[in-house]
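S.K.: Contents of final_22.txt (compact mmCIF, C-alpha atoms (C1' of nucleotides) and all ligand atoms) are given next:
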# COMPACT_ATOMS: atom_id res chain seq x y z
CA MET A 1 -28.82 -60.22 30.43
CA THR A 2 -27.51 -62.05 27.39
CA PRO A 3 -28.56 -65.61 26.76
CA LEU A 4 -25.04 -66.75 27.49
CA GLU A 5 -25.09 -65.01 30.83
CA MET A 6 -28.36 -66.67 31.75
CA LYS A 7 -26.81 -69.99 31.02
CA ARG A 8 -23.73 -69.22 33.11
CA ARG A 9 -25.96 -68.23 35.96
CA LYS A 10 -27.96 -71.43 35.69
CA LEU A 11 -24.82 -73.51 35.77
CA ARG A 12 -23.41 -71.66 38.76
CA GLY A 13 -26.72 -72.08 40.51
CA GLY A 14 -26.30 -75.83 40.24
CA GLY A 15 -22.94 -75.64 41.99
CA ASN A 16 -20.94 -75.99 38.79
CA LYS A 17 -17.91 -73.96 37.84
CA ILE A 18 -17.65 -71.75 34.80
CA THR A 19 -14.64 -72.95 32.87
CA PRO A 20 -13.28 -71.75 29.52
CA GLN A 21 -14.17 -75.15 28.10
CA ARG A 22 -17.79 -74.86 29.15
CA ILE A 23 -18.09 -71.36 27.75
CA ALA A 24 -16.60 -72.44 24.45
CA ILE A 25 -19.00 -75.37 24.30
CA LEU A 26 -22.02 -73.21 25.12
CA LYS A 27 -21.05 -70.75 22.41
CA ALA A 28 -20.49 -73.47 19.87
CA ILE A 29 -23.86 -75.02 20.58
CA ASP A 30 -25.56 -71.69 20.02
CA GLY A 31 -24.30 -71.73 16.46
CA ILE A 32 -25.64 -75.16 15.60
CA HIS A 33 -29.17 -75.49 14.30
CA SER A 34 -29.10 -79.21 13.68
CA GLN A 35 -29.00 -82.02 16.09
CA PHE A 36 -25.45 -83.11 16.75
CA THR A 37 -23.49 -85.87 18.41
CA PRO A 38 -20.77 -85.26 20.99
CA GLN A 39 -18.20 -86.23 18.38
CA GLU A 40 -19.54 -83.74 15.86
CA LEU A 41 -19.48 -80.96 18.40
CA HIS A 42 -15.94 -81.90 19.33
CA ARG A 43 -14.87 -81.78 15.72
CA LYS A 44 -16.36 -78.32 15.31
CA LEU A 45 -14.73 -77.09 18.49
CA SER A 46 -11.30 -78.41 17.63
CA ALA A 47 -10.67 -75.70 15.05
CA GLU A 48 -10.70 -72.92 17.63
CA HIS A 49 -10.14 -75.00 20.73
CA PRO A 50 -7.93 -77.95 19.99
CA GLU A 51 -7.17 -78.19 23.70
CA ILE A 52 -10.70 -79.34 24.58
CA GLY A 53 -10.86 -83.10 24.82
CA LEU A 54 -13.64 -85.33 23.60
CA VAL A 55 -14.24 -86.57 27.11
CA THR A 56 -14.94 -83.06 28.28
CA VAL A 57 -17.46 -82.61 25.50
CA TYR A 58 -19.23 -85.77 26.60
CA ARG A 59 -19.22 -84.68 30.21
CA THR A 60 -20.32 -81.15 29.48
CA LEU A 61 -23.20 -82.18 27.26
CA LYS A 62 -24.44 -84.48 29.96
CA LEU A 63 -24.22 -81.66 32.48
CA LEU A 64 -25.96 -79.19 30.19
CA ALA A 65 -28.75 -81.65 29.50
CA LYS A 66 -29.24 -82.23 33.20
CA SER A 67 -29.31 -78.47 33.72
CA GLY A 68 -31.87 -77.99 30.97
CA LEU A 69 -29.55 -75.94 28.79
CA VAL A 70 -29.50 -78.38 25.93
CA CYS A 71 -31.91 -81.01 24.63
CA LEU A 72 -31.09 -84.68 24.79
CA MET A 73 -32.49 -86.17 21.59
CA GLY A 74 -32.69 -89.68 20.22
CA ASN A 75 -29.86 -91.49 18.55
CA ILE A 76 -28.23 -90.74 15.21
CA GLY A 77 -26.94 -94.09 14.17
CA ARG A 78 -25.16 -95.41 17.20
CA SER A 79 -24.55 -92.04 18.76
CA GLN A 80 -26.57 -90.10 21.23
CA SER A 81 -27.54 -86.72 19.90
CA TYR A 82 -28.29 -83.35 21.38
CA ALA A 83 -29.82 -80.13 20.14
CA ARG A 84 -29.81 -76.55 21.23
CA GLY A 85 -33.25 -75.88 22.62
CA PRO A 86 -35.55 -74.73 25.33
CA GLN A 87 -35.95 -76.78 28.43
CA GLN A 88 -39.71 -76.59 28.69
CA HIS A 89 -41.86 -79.25 27.12
CA HIS A 90 -41.64 -79.17 23.36
CA HIS A 91 -41.22 -81.44 20.38
CA HIS A 92 -39.00 -81.63 17.35
CA LEU A 93 -39.23 -81.63 13.60
CA ILE A 94 -36.07 -83.08 12.12
CA CYS A 95 -34.80 -82.90 8.57
CA ALA A 96 -33.59 -86.30 7.44
CA GLY A 97 -31.37 -84.61 4.87
CA CYS A 98 -29.35 -82.19 6.97
CA ASP A 99 -30.36 -83.02 10.56
CA MET A 100 -31.71 -79.54 11.10
CA VAL A 101 -34.00 -79.42 14.13
CA VAL A 102 -37.03 -77.16 14.37
CA ASP A 103 -38.56 -76.73 17.81
CA ILE A 104 -42.30 -77.23 18.06
CA PRO A 105 -43.59 -75.43 21.13
CA THR A 106 -47.21 -76.52 20.82
CA CYS A 107 -48.29 -79.84 22.22
CA GLY A 108 -51.90 -80.91 21.88
CA LEU A 109 -51.45 -84.29 23.46
CA ASP A 110 -52.83 -83.69 26.93
CA GLU A 111 -56.26 -85.05 26.12
CA LEU A 112 -54.98 -88.09 24.30
CA GLU A 113 -52.68 -88.71 27.24
CA LYS A 114 -55.56 -88.53 29.70
CA ARG A 115 -57.69 -90.83 27.61
CA LEU A 116 -54.91 -93.37 27.32
CA ALA A 117 -54.26 -93.28 31.05
CA HIS A 118 -57.94 -93.89 31.65
CA GLU A 119 -58.18 -96.71 29.15
CA THR A 120 -55.03 -98.53 30.14
CA GLY A 121 -54.77 -97.90 33.86
CA PHE A 122 -51.29 -96.44 33.38
CA THR A 123 -50.15 -93.27 35.01
CA ILE A 124 -48.42 -91.41 32.22
CA SER A 125 -45.56 -89.16 33.19
CA ARG A 126 -44.16 -88.02 29.87
CA HIS A 127 -44.16 -88.44 26.15
CA HIS A 128 -41.86 -87.98 23.24
CA LEU A 129 -43.02 -86.81 19.82
CA GLU A 130 -40.83 -86.31 16.84
CA PHE A 131 -41.56 -85.58 13.21
CA THR A 132 -39.17 -86.45 10.42
CA GLY A 133 -39.10 -85.09 6.89
CA LEU A 134 -37.20 -82.83 4.54
CA CYS A 135 -36.60 -79.12 4.97
CA ARG A 136 -37.08 -76.77 2.02
CA ASN A 137 -33.39 -76.84 1.13
CA CYS A 138 -33.12 -80.57 1.17
CA GLN A 139 -36.30 -80.93 -0.86
CA ALA A 140 -34.73 -78.72 -3.51
CA VAL A 141 -31.54 -80.72 -3.47
CA SER A 142 -33.26 -84.04 -3.92
CA ALA A 143 -35.58 -82.60 -6.58
CA GLY A 144 -32.53 -81.22 -8.38
CA GLY A 145 -31.40 -84.75 -9.02
CA LEU A 146 -28.07 -84.63 -7.20
CA VAL A 147 -28.49 -88.28 -6.44
CA MET B 1 -53.28 -119.59 8.59
CA THR B 2 -51.61 -119.23 11.94
CA PRO B 3 -49.79 -116.02 12.77
CA LEU B 4 -46.51 -117.90 12.69
CA GLU B 5 -47.26 -119.18 9.24
CA MET B 6 -48.02 -115.70 8.00
CA LYS B 7 -44.66 -114.58 9.25
CA ARG B 8 -42.86 -117.48 7.60
CA ARG B 9 -44.56 -116.62 4.36
CA LYS B 10 -43.55 -113.00 4.61
CA LEU B 11 -39.97 -113.93 5.23
CA ARG B 12 -39.88 -116.35 2.33
CA GLY B 13 -41.44 -113.71 0.16
CA GLY B 14 -38.45 -111.50 0.83
CA GLY B 15 -36.10 -114.20 -0.41
CA ASN B 16 -35.09 -115.30 3.05
CA LYS B 17 -34.75 -118.85 4.25
CA ILE B 18 -36.73 -120.35 7.09
CA THR B 19 -34.23 -121.69 9.57
CA PRO B 20 -34.80 -123.33 12.96
CA GLN B 21 -33.11 -120.32 14.54
CA ARG B 22 -35.52 -117.89 12.94
CA ILE B 23 -38.52 -119.95 13.93
CA ALA B 24 -37.31 -120.17 17.51
CA ILE B 25 -36.76 -116.42 17.57
CA LEU B 26 -40.19 -115.67 16.11
CA LYS B 27 -41.83 -117.92 18.68
CA ALA B 28 -39.88 -116.37 21.53
CA ILE B 29 -40.84 -112.87 20.47
CA ASP B 30 -44.49 -113.83 20.46
CA GLY B 31 -44.26 -114.56 24.15
CA ILE B 32 -42.73 -111.23 25.14
CA HIS B 33 -45.02 -108.35 25.96
CA SER B 34 -42.32 -105.86 26.89
CA GLN B 35 -39.78 -104.17 24.78
CA PHE B 36 -36.55 -106.10 24.77
CA THR B 37 -32.96 -105.79 23.68
CA PRO B 38 -31.19 -108.34 21.51
CA GLN B 39 -29.24 -109.45 24.55
CA GLU B 40 -32.38 -109.99 26.61
CA LEU B 41 -33.95 -112.02 23.85
CA HIS B 42 -30.80 -114.07 23.55
CA ARG B 43 -30.80 -114.76 27.27
CA LYS B 44 -34.41 -115.94 27.11
CA LEU B 45 -33.70 -118.14 24.12
CA SER B 46 -30.65 -119.75 25.59
CA ALA B 47 -32.68 -121.91 27.97
CA GLU B 48 -34.31 -123.87 25.17
CA HIS B 49 -31.88 -123.06 22.40
CA PRO B 50 -28.38 -122.69 23.74
CA GLU B 51 -27.08 -123.26 20.24
CA ILE B 52 -28.39 -119.92 18.95
CA GLY B 53 -25.67 -117.31 19.04
CA LEU B 54 -26.04 -113.70 20.04
CA VAL B 55 -24.91 -112.59 16.60
CA THR B 56 -27.75 -114.49 15.01
CA VAL B 57 -30.22 -112.77 17.32
CA TYR B 58 -28.86 -109.39 16.26
CA ARG B 59 -29.04 -110.32 12.60
CA THR B 60 -32.47 -111.84 12.83
CA LEU B 61 -33.99 -108.90 14.68
CA LYS B 62 -32.64 -106.56 12.04
CA LEU B 63 -34.12 -108.74 9.34
CA LEU B 64 -37.49 -109.01 11.08
CA ALA B 65 -37.63 -105.25 11.57
CA LYS B 66 -36.90 -104.68 7.91
CA SER B 67 -39.61 -107.17 7.02
CA GLY B 68 -42.13 -105.48 9.30
CA LEU B 69 -42.48 -108.47 11.60
CA VAL B 70 -41.14 -106.74 14.66
CA CYS B 71 -41.01 -103.13 15.84
CA LEU B 72 -37.74 -101.29 16.14
CA MET B 73 -38.10 -99.09 19.22
CA GLY B 74 -35.89 -96.51 20.83
CA ASN B 75 -32.98 -97.30 23.08
CA ILE B 76 -33.05 -98.80 26.55
CA GLY B 77 -29.91 -97.38 28.06
CA ARG B 78 -27.29 -97.96 25.43
CA SER B 79 -29.06 -100.82 23.76
CA GLN B 80 -31.37 -100.80 20.84
CA SER B 81 -34.73 -102.28 21.68
CA TYR B 82 -37.45 -104.07 19.81
CA ALA B 83 -41.02 -105.03 20.51
CA ARG B 84 -43.49 -107.50 19.14
CA GLY B 85 -46.04 -105.51 17.24
CA PRO B 86 -47.99 -104.75 14.13
CA GLN B 87 -46.21 -103.25 11.19
CA GLN B 88 -48.80 -100.64 10.38
CA HIS B 89 -48.52 -97.17 11.85
CA HIS B 90 -49.00 -97.16 15.60
CA HIS B 91 -47.51 -95.77 18.77
CA HIS B 92 -46.39 -97.10 22.10
CA LEU B 93 -47.11 -96.69 25.76
CA ILE B 94 -44.18 -97.97 27.78
CA CYS B 95 -44.01 -98.83 31.45
CA ALA B 96 -40.87 -97.40 32.99
CA GLY B 97 -41.06 -100.01 35.72
CA CYS B 98 -41.24 -103.26 33.78
CA ASP B 99 -40.72 -102.18 30.16
CA MET B 100 -44.11 -103.53 29.16
CA VAL B 101 -45.25 -102.10 25.84
CA VAL B 102 -48.86 -101.37 24.98
CA ASP B 103 -49.66 -100.74 21.34
CA ILE B 104 -51.70 -97.63 20.58
CA PRO B 105 -53.42 -98.08 17.25
CA THR B 106 -55.03 -94.66 17.09
CA CYS B 107 -53.05 -91.73 15.80
CA GLY B 108 -54.67 -88.33 15.70
CA LEU B 109 -51.64 -86.48 14.42
CA ASP B 110 -52.48 -86.09 10.76
CA GLU B 111 -53.82 -82.59 11.14
CA LEU B 112 -50.98 -81.37 13.30
CA GLU B 113 -48.60 -82.88 10.78
CA LYS B 114 -50.26 -81.05 7.92
CA ARG B 115 -50.22 -77.80 9.80
CA LEU B 116 -46.57 -78.15 10.66
CA ALA B 117 -45.68 -78.94 7.08
CA HIS B 118 -47.53 -75.84 5.97
CA GLU B 119 -45.94 -73.62 8.59
CA THR B 120 -42.39 -74.83 8.18
CA GLY B 121 -42.16 -75.71 4.51
CA PHE B 122 -41.06 -79.21 5.42
CA THR B 123 -42.41 -82.30 3.78
CA ILE B 124 -43.08 -84.61 6.67
CA SER B 125 -42.75 -88.30 6.02
CA ARG B 126 -43.15 -89.86 9.42
CA HIS B 127 -43.38 -89.32 13.12
CA HIS B 128 -42.65 -91.12 16.30
CA LEU B 129 -44.78 -90.81 19.41
CA GLU B 130 -44.15 -92.59 22.65
CA PHE B 131 -45.74 -92.31 26.08
CA THR B 132 -43.95 -93.33 29.23
CA GLY B 133 -45.43 -94.06 32.62
CA LEU B 134 -46.24 -96.84 35.05
CA CYS B 135 -48.54 -99.78 34.46
CA ARG B 136 -51.06 -100.82 37.12
CA ASN B 137 -48.75 -103.45 38.53
CA CYS B 138 -45.79 -101.17 38.81
CA GLN B 139 -47.89 -98.44 40.38
CA ALA B 140 -48.92 -100.91 43.06
CA VAL B 141 -45.35 -101.99 43.63
CA SER B 142 -44.06 -98.47 44.08
CA ALA B 143 -47.04 -97.54 46.25
CA GLY B 144 -46.34 -100.61 48.38
CA GLY B 145 -43.03 -99.12 49.38
CA LEU B 146 -40.75 -101.81 47.98
CA VAL B 147 -38.22 -99.11 47.29
C1' DA C 1 -2.64 -65.09 48.41
C1' DT C 2 -4.49 -69.54 49.85
C1' DC C 3 -7.13 -73.51 49.67
C1' DC C 4 -10.07 -77.17 48.09
C1' DA C 5 -13.86 -79.12 45.67
C1' DG C 6 -14.80 -79.44 41.17
C1' DT C 7 -12.74 -80.01 36.49
C1' DT C 8 -9.71 -81.55 32.91
C1' DG C 9 -7.31 -84.66 29.39
C1' DA C 10 -5.10 -88.99 28.27
C1' DA C 11 -5.32 -93.58 28.59
C1' DA C 12 -7.70 -97.56 29.80
C1' DA C 13 -11.79 -99.96 30.47
C1' DG C 14 -16.43 -101.19 29.35
C1' DG C 15 -20.33 -102.32 26.30
C1' DA C 16 -22.97 -102.71 22.27
C1' DT C 17 -22.98 -103.86 17.57
C1' DT C 18 -20.92 -105.22 13.21
C1' DT C 19 -17.60 -107.59 10.34
C1' DT C 20 -15.06 -111.54 8.92
C1' DC C 21 -14.75 -116.12 7.49
C1' DA C 22 -14.96 -120.98 7.16
C1' DA C 23 -18.41 -124.45 7.88
C1' DC C 24 -23.14 -125.50 7.28
C1' DT C 25 -27.94 -125.93 5.39
C1' DA C 26 -32.55 -124.77 3.22
C1' DC C 27 -34.53 -125.48 -0.77
C1' DA C 28 -35.00 -125.00 -5.96
C1' DG C 29 -34.12 -127.66 -9.78
C1' DA C 30 -32.68 -132.01 -11.93
C1' DT D 1 -34.21 -138.27 -3.86
C1' DC D 2 -29.88 -136.06 -5.03
C1' DT D 3 -27.18 -131.92 -6.01
C1' DG D 4 -25.66 -127.30 -6.31
C1' DT D 5 -25.60 -123.01 -4.45
C1' DA D 6 -26.90 -118.88 -2.35
C1' DG D 7 -28.11 -117.70 1.98
C1' DT D 8 -27.14 -118.56 7.01
C1' DT D 9 -24.66 -119.55 11.15
C1' DG D 10 -21.43 -119.05 15.28
C1' DA D 11 -17.01 -117.70 17.18
C1' DA D 12 -13.65 -114.47 17.26
C1' DA D 13 -11.99 -110.17 16.03
C1' DA D 14 -12.81 -105.61 14.91
C1' DT D 15 -15.26 -101.25 15.43
C1' DC D 16 -17.53 -97.64 17.70
C1' DC D 17 -19.40 -95.07 21.30
C1' DT D 18 -19.22 -93.92 26.04
C1' DT D 19 -17.64 -94.05 30.76
C1' DT D 20 -14.15 -94.63 34.29
C1' DT D 21 -9.78 -93.76 36.31
C1' DC D 22 -6.37 -90.83 38.02
C1' DA D 23 -2.98 -87.40 38.59
C1' DA D 24 -2.56 -82.59 37.51
C1' DC D 25 -4.91 -78.33 37.34
C1' DT D 26 -8.06 -74.28 38.42
C1' DG D 27 -12.33 -71.36 39.57
C1' DG D 28 -13.77 -68.81 42.96
C1' DA D 29 -14.81 -68.39 47.92
C1' DT D 30 -12.43 -66.79 51.99
ZN ZN E 201 -32.55 -80.29 5.48
ZN ZN E 202 -46.00 -82.89 24.12
ZN ZN E 203 -44.94 -102.04 34.61
ZN ZN E 204 -48.99 -91.46 14.47
Could you render the structure as structure tokens?
M.R.:
Amino acid sequence: MTPLEMKRRKLRGGGNKITPQRIAILKAIDGIHSQFTPQELHRKLSAEHPEIGLVTVYRTLKLLAKSGLVCLMGNIGRSQSYARGPQQHHHHLICAGCDMVVDIPTCGLDELEKRLAHETGFTISRHHLEFTGLCRNCQAVSAGGLV
Amino acid sequence: MTPLEMKRRKLRGGGNKITPQRIAILKAIDGIHSQFTPQELHRKLSAEHPEIGLVTVYRTLKLLAKSGLVCLMGNIGRSQSYARGPQQHHHHLICAGCDMVVDIPTCGLDELEKRLAHETGFTISRHHLEFTGLCRNCQAVSAGGLV
DNA sequence: ATCCAGTTGAAAAGGATTTTCAACTACAGA
DNA sequence: TCTGTAGTTGAAAATCCTTTTCAACTGGAT
């Protein structure tokens, strides 16, 4: 089963319909390795699918995030951002130059989490960890003096 | 030197003026142990200082964050949020029930950061870690069935 | 082929934040 | 203390991002 088919199946399982818009959006997301805002995704889509409205992109991203088919990230400027990514617990390494997102599957925070819960009396239900830096490309660019 | 005085000094050092509005805002922040949005802070201020406008609260929070006198946090819903807190590197434990913020001074992520940098070729300049859960109070409330 | 709940796009509404601008004021220097 | 000025303020307007509304449309079950 192709990745796309798995995603279709997951959507259908949730009682959602498979529409041409949703397929186009899923495919587009697969080709993006950075984090992106709904507006950016819409801009990219509009070349091949000018008929897909911005509102649909907003709605579909929300649906995909709820279905675990896309990652809801923090904000870029004022805009919410998303990234292609696995639904299981993971973290992100983000390039401040090009917004590329690298998934980090390992998470060694369980012990710290337990200790904090013990020390503070909180019950801790989740955490969010995110590293920011420069990818190899962007390091080269800034070293090259294109300032 | 009182904490307030240290903050005044830091502001002046940056070439900023000490205005009654800024003092009122600094004092108000000192009394808030949760994260808060500019609007929430403005609401709290308006009891004693109805003359301070929302725009000034926005501007002042931005200034204080830049000066390291307040912590810029993530978003609560659509709003940016801030929290009283130290300027040096630290993390946060946030209660989802009451938005209380506990500062976590320890950070054991240096090694993971180094390893990631090595594995990915990134240079990593910072990270953001945030735990979410329920404080003792809010646990009691939800256990008490006040749903 | 039919039907209907879910989906769509455009426009409008809703909110948060920033910009604009004229009036004001903290404070350095005289 | 007085003055000049650069920084600050508040209200309104402008800007953005996001959601809601609603009538038309459609996927897919029967
Ligand atoms: Zn990069
Ligand atoms: Zn983790
Ligand atoms: Zn709480
Ligand atoms: Zn840290």
S.K.: Using CA of Asp110 (chain B) and CA of His89 (chain B) as the two end points, give the distance in Å to one decimal.
M.R.: 11.8 Å
S.K.: Please identify the residues whose atoms come within 7 Å of ligand ZN 201 (chain E), using all atoms listed in the file, and report them as a PyMOL selection string.
M.R.: chain A and resi 95-100+134-138
S.K.: For the residues in that selection, give me C-alpha atoms as an mmCIF file, in the frame of the given file.
M.R.:
data_model
loop_
_atom_site.group_PDB
_atom_site.id
_atom_site.type_symbol
_atom_site.label_atom_id
_atom_site.label_comp_id
_atom_site.auth_asym_id
_atom_site.auth_seq_id
_atom_site.Cartn_x
_atom_site.Cartn_y
_atom_site.Cartn_z
ATOM 1 C CA CYS A 95 -34.800 -82.900 8.570
ATOM 2 C CA ALA A 96 -33.590 -86.300 7.440
ATOM 3 C CA GLY A 97 -31.370 -84.610 4.870
ATOM 4 C CA CYS A 98 -29.350 -82.190 6.970
ATOM 5 C CA ASP A 99 -30.360 -83.020 10.560
ATOM 6 C CA MET A 100 -31.710 -79.540 11.100
ATOM 7 C CA LEU A 134 -37.200 -82.830 4.540
ATOM 8 C CA CYS A 135 -36.600 -79.120 4.970
ATOM 9 C CA ARG A 136 -37.080 -76.770 2.020
ATOM 10 C CA ASN A 137 -33.390 -76.840 1.130
ATOM 11 C CA CYS A 138 -33.120 -80.570 1.170
#
S.K.: Would you list which chain B residues are within 10 Å of chain A using only C-alpha atoms, as a PyMOL selection string?
M.R.: chain B and resi 74-75+78-80+92-96+102+104+106-109+112-113+116-117+120-139
S.K.: Just give me the gap between CA of Asp103 (chain A) and CA of Ala83 (chain B) in Å, one decimal is fine.
M.R.: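 Going from CA of Asp103 (chain A) over to CA of Ala83 (chain B), I get 28.5 Å.
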S.K.: Kindly provide, as an mmCIF file with C-alpha atoms, in the coordinates of the input, the residues of chain B having any atom no farther than 9 Å from an atom of chain D, counting all atoms listed in the file.
M.R.:
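Full text of selection-v6.cif as output:
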data_model
loop_
_atom_site.group_PDB
_atom_site.id
_atom_site.type_symbol
_atom_site.label_atom_id
_atom_site.label_comp_id
_atom_site.auth_asym_id
_atom_site.auth_seq_id
_atom_site.Cartn_x
_atom_site.Cartn_y
_atom_site.Cartn_z
ATOM 1 C CA ASN B 16 -35.090 -115.300 3.050
ATOM 2 C CA LYS B 17 -34.750 -118.850 4.250
ATOM 3 C CA THR B 19 -34.230 -121.690 9.570
ATOM 4 C CA GLU B 51 -27.080 -123.260 20.240
ATOM 5 C CA ILE B 52 -28.390 -119.920 18.950
ATOM 6 C CA GLY B 53 -25.670 -117.310 19.040
ATOM 7 C CA LEU B 54 -26.040 -113.700 20.040
ATOM 8 C CA VAL B 55 -24.910 -112.590 16.600
ATOM 9 C CA THR B 56 -27.750 -114.490 15.010
#
S.K.: Would you kindly report the residues of chain C within 9 Å of chain A, using only C-alpha atoms (C1' of nucleotides), as an NGL selection string?
M.R.: :C and (6-10 or 17)
S.K.: Output the selection as a compact mmCIF listing (two decimals), in the frame of the given file - C-alpha atoms (C1' of nucleotides) for each residue.
M.R.:
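Produced file selection01.txt, reproduced below:
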# COMPACT_ATOMS: atom_id res chain seq x y z
C1' DG C 6 -14.80 -79.44 41.17
C1' DT C 7 -12.74 -80.01 36.49
C1' DT C 8 -9.71 -81.55 32.91
C1' DG C 9 -7.31 -84.66 29.39
C1' DA C 10 -5.10 -88.99 28.27
C1' DT C 17 -22.98 -103.86 17.57
S.K.: Any idea what the distance is between CA of Gly68 (chain B) and CA of Glu40 (chain B)?
M.R.: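 The value is 20.4 Å.
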S.K.: Can you sort out the box for region 9-28 of chain D, edges along x, y and z, all listed atoms in, 3 Å on every side, with centre and edge lengths in Å to one decimal, as AutoDock Vina command-line options?
M.R.:
--center_x -13.6 --center_y -94.2 --center_z 27.1 --size_x 28.1 --size_y 56.7 --size_z 37.8
S.K.: Write out as a list in words which residues come within 12 Å of Gln87 (chain B) when counting only C-alpha atoms (C1' of nucleotides), dropping same-chain ones fewer than 5 positions away.
M.R.: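 The contact residues come out as Lys7, Leu64, Ala65, Lys66, Ser67, Gly68, Leu69, Val70, Cys71, Leu72, Asp103 and Pro105 of chain B.
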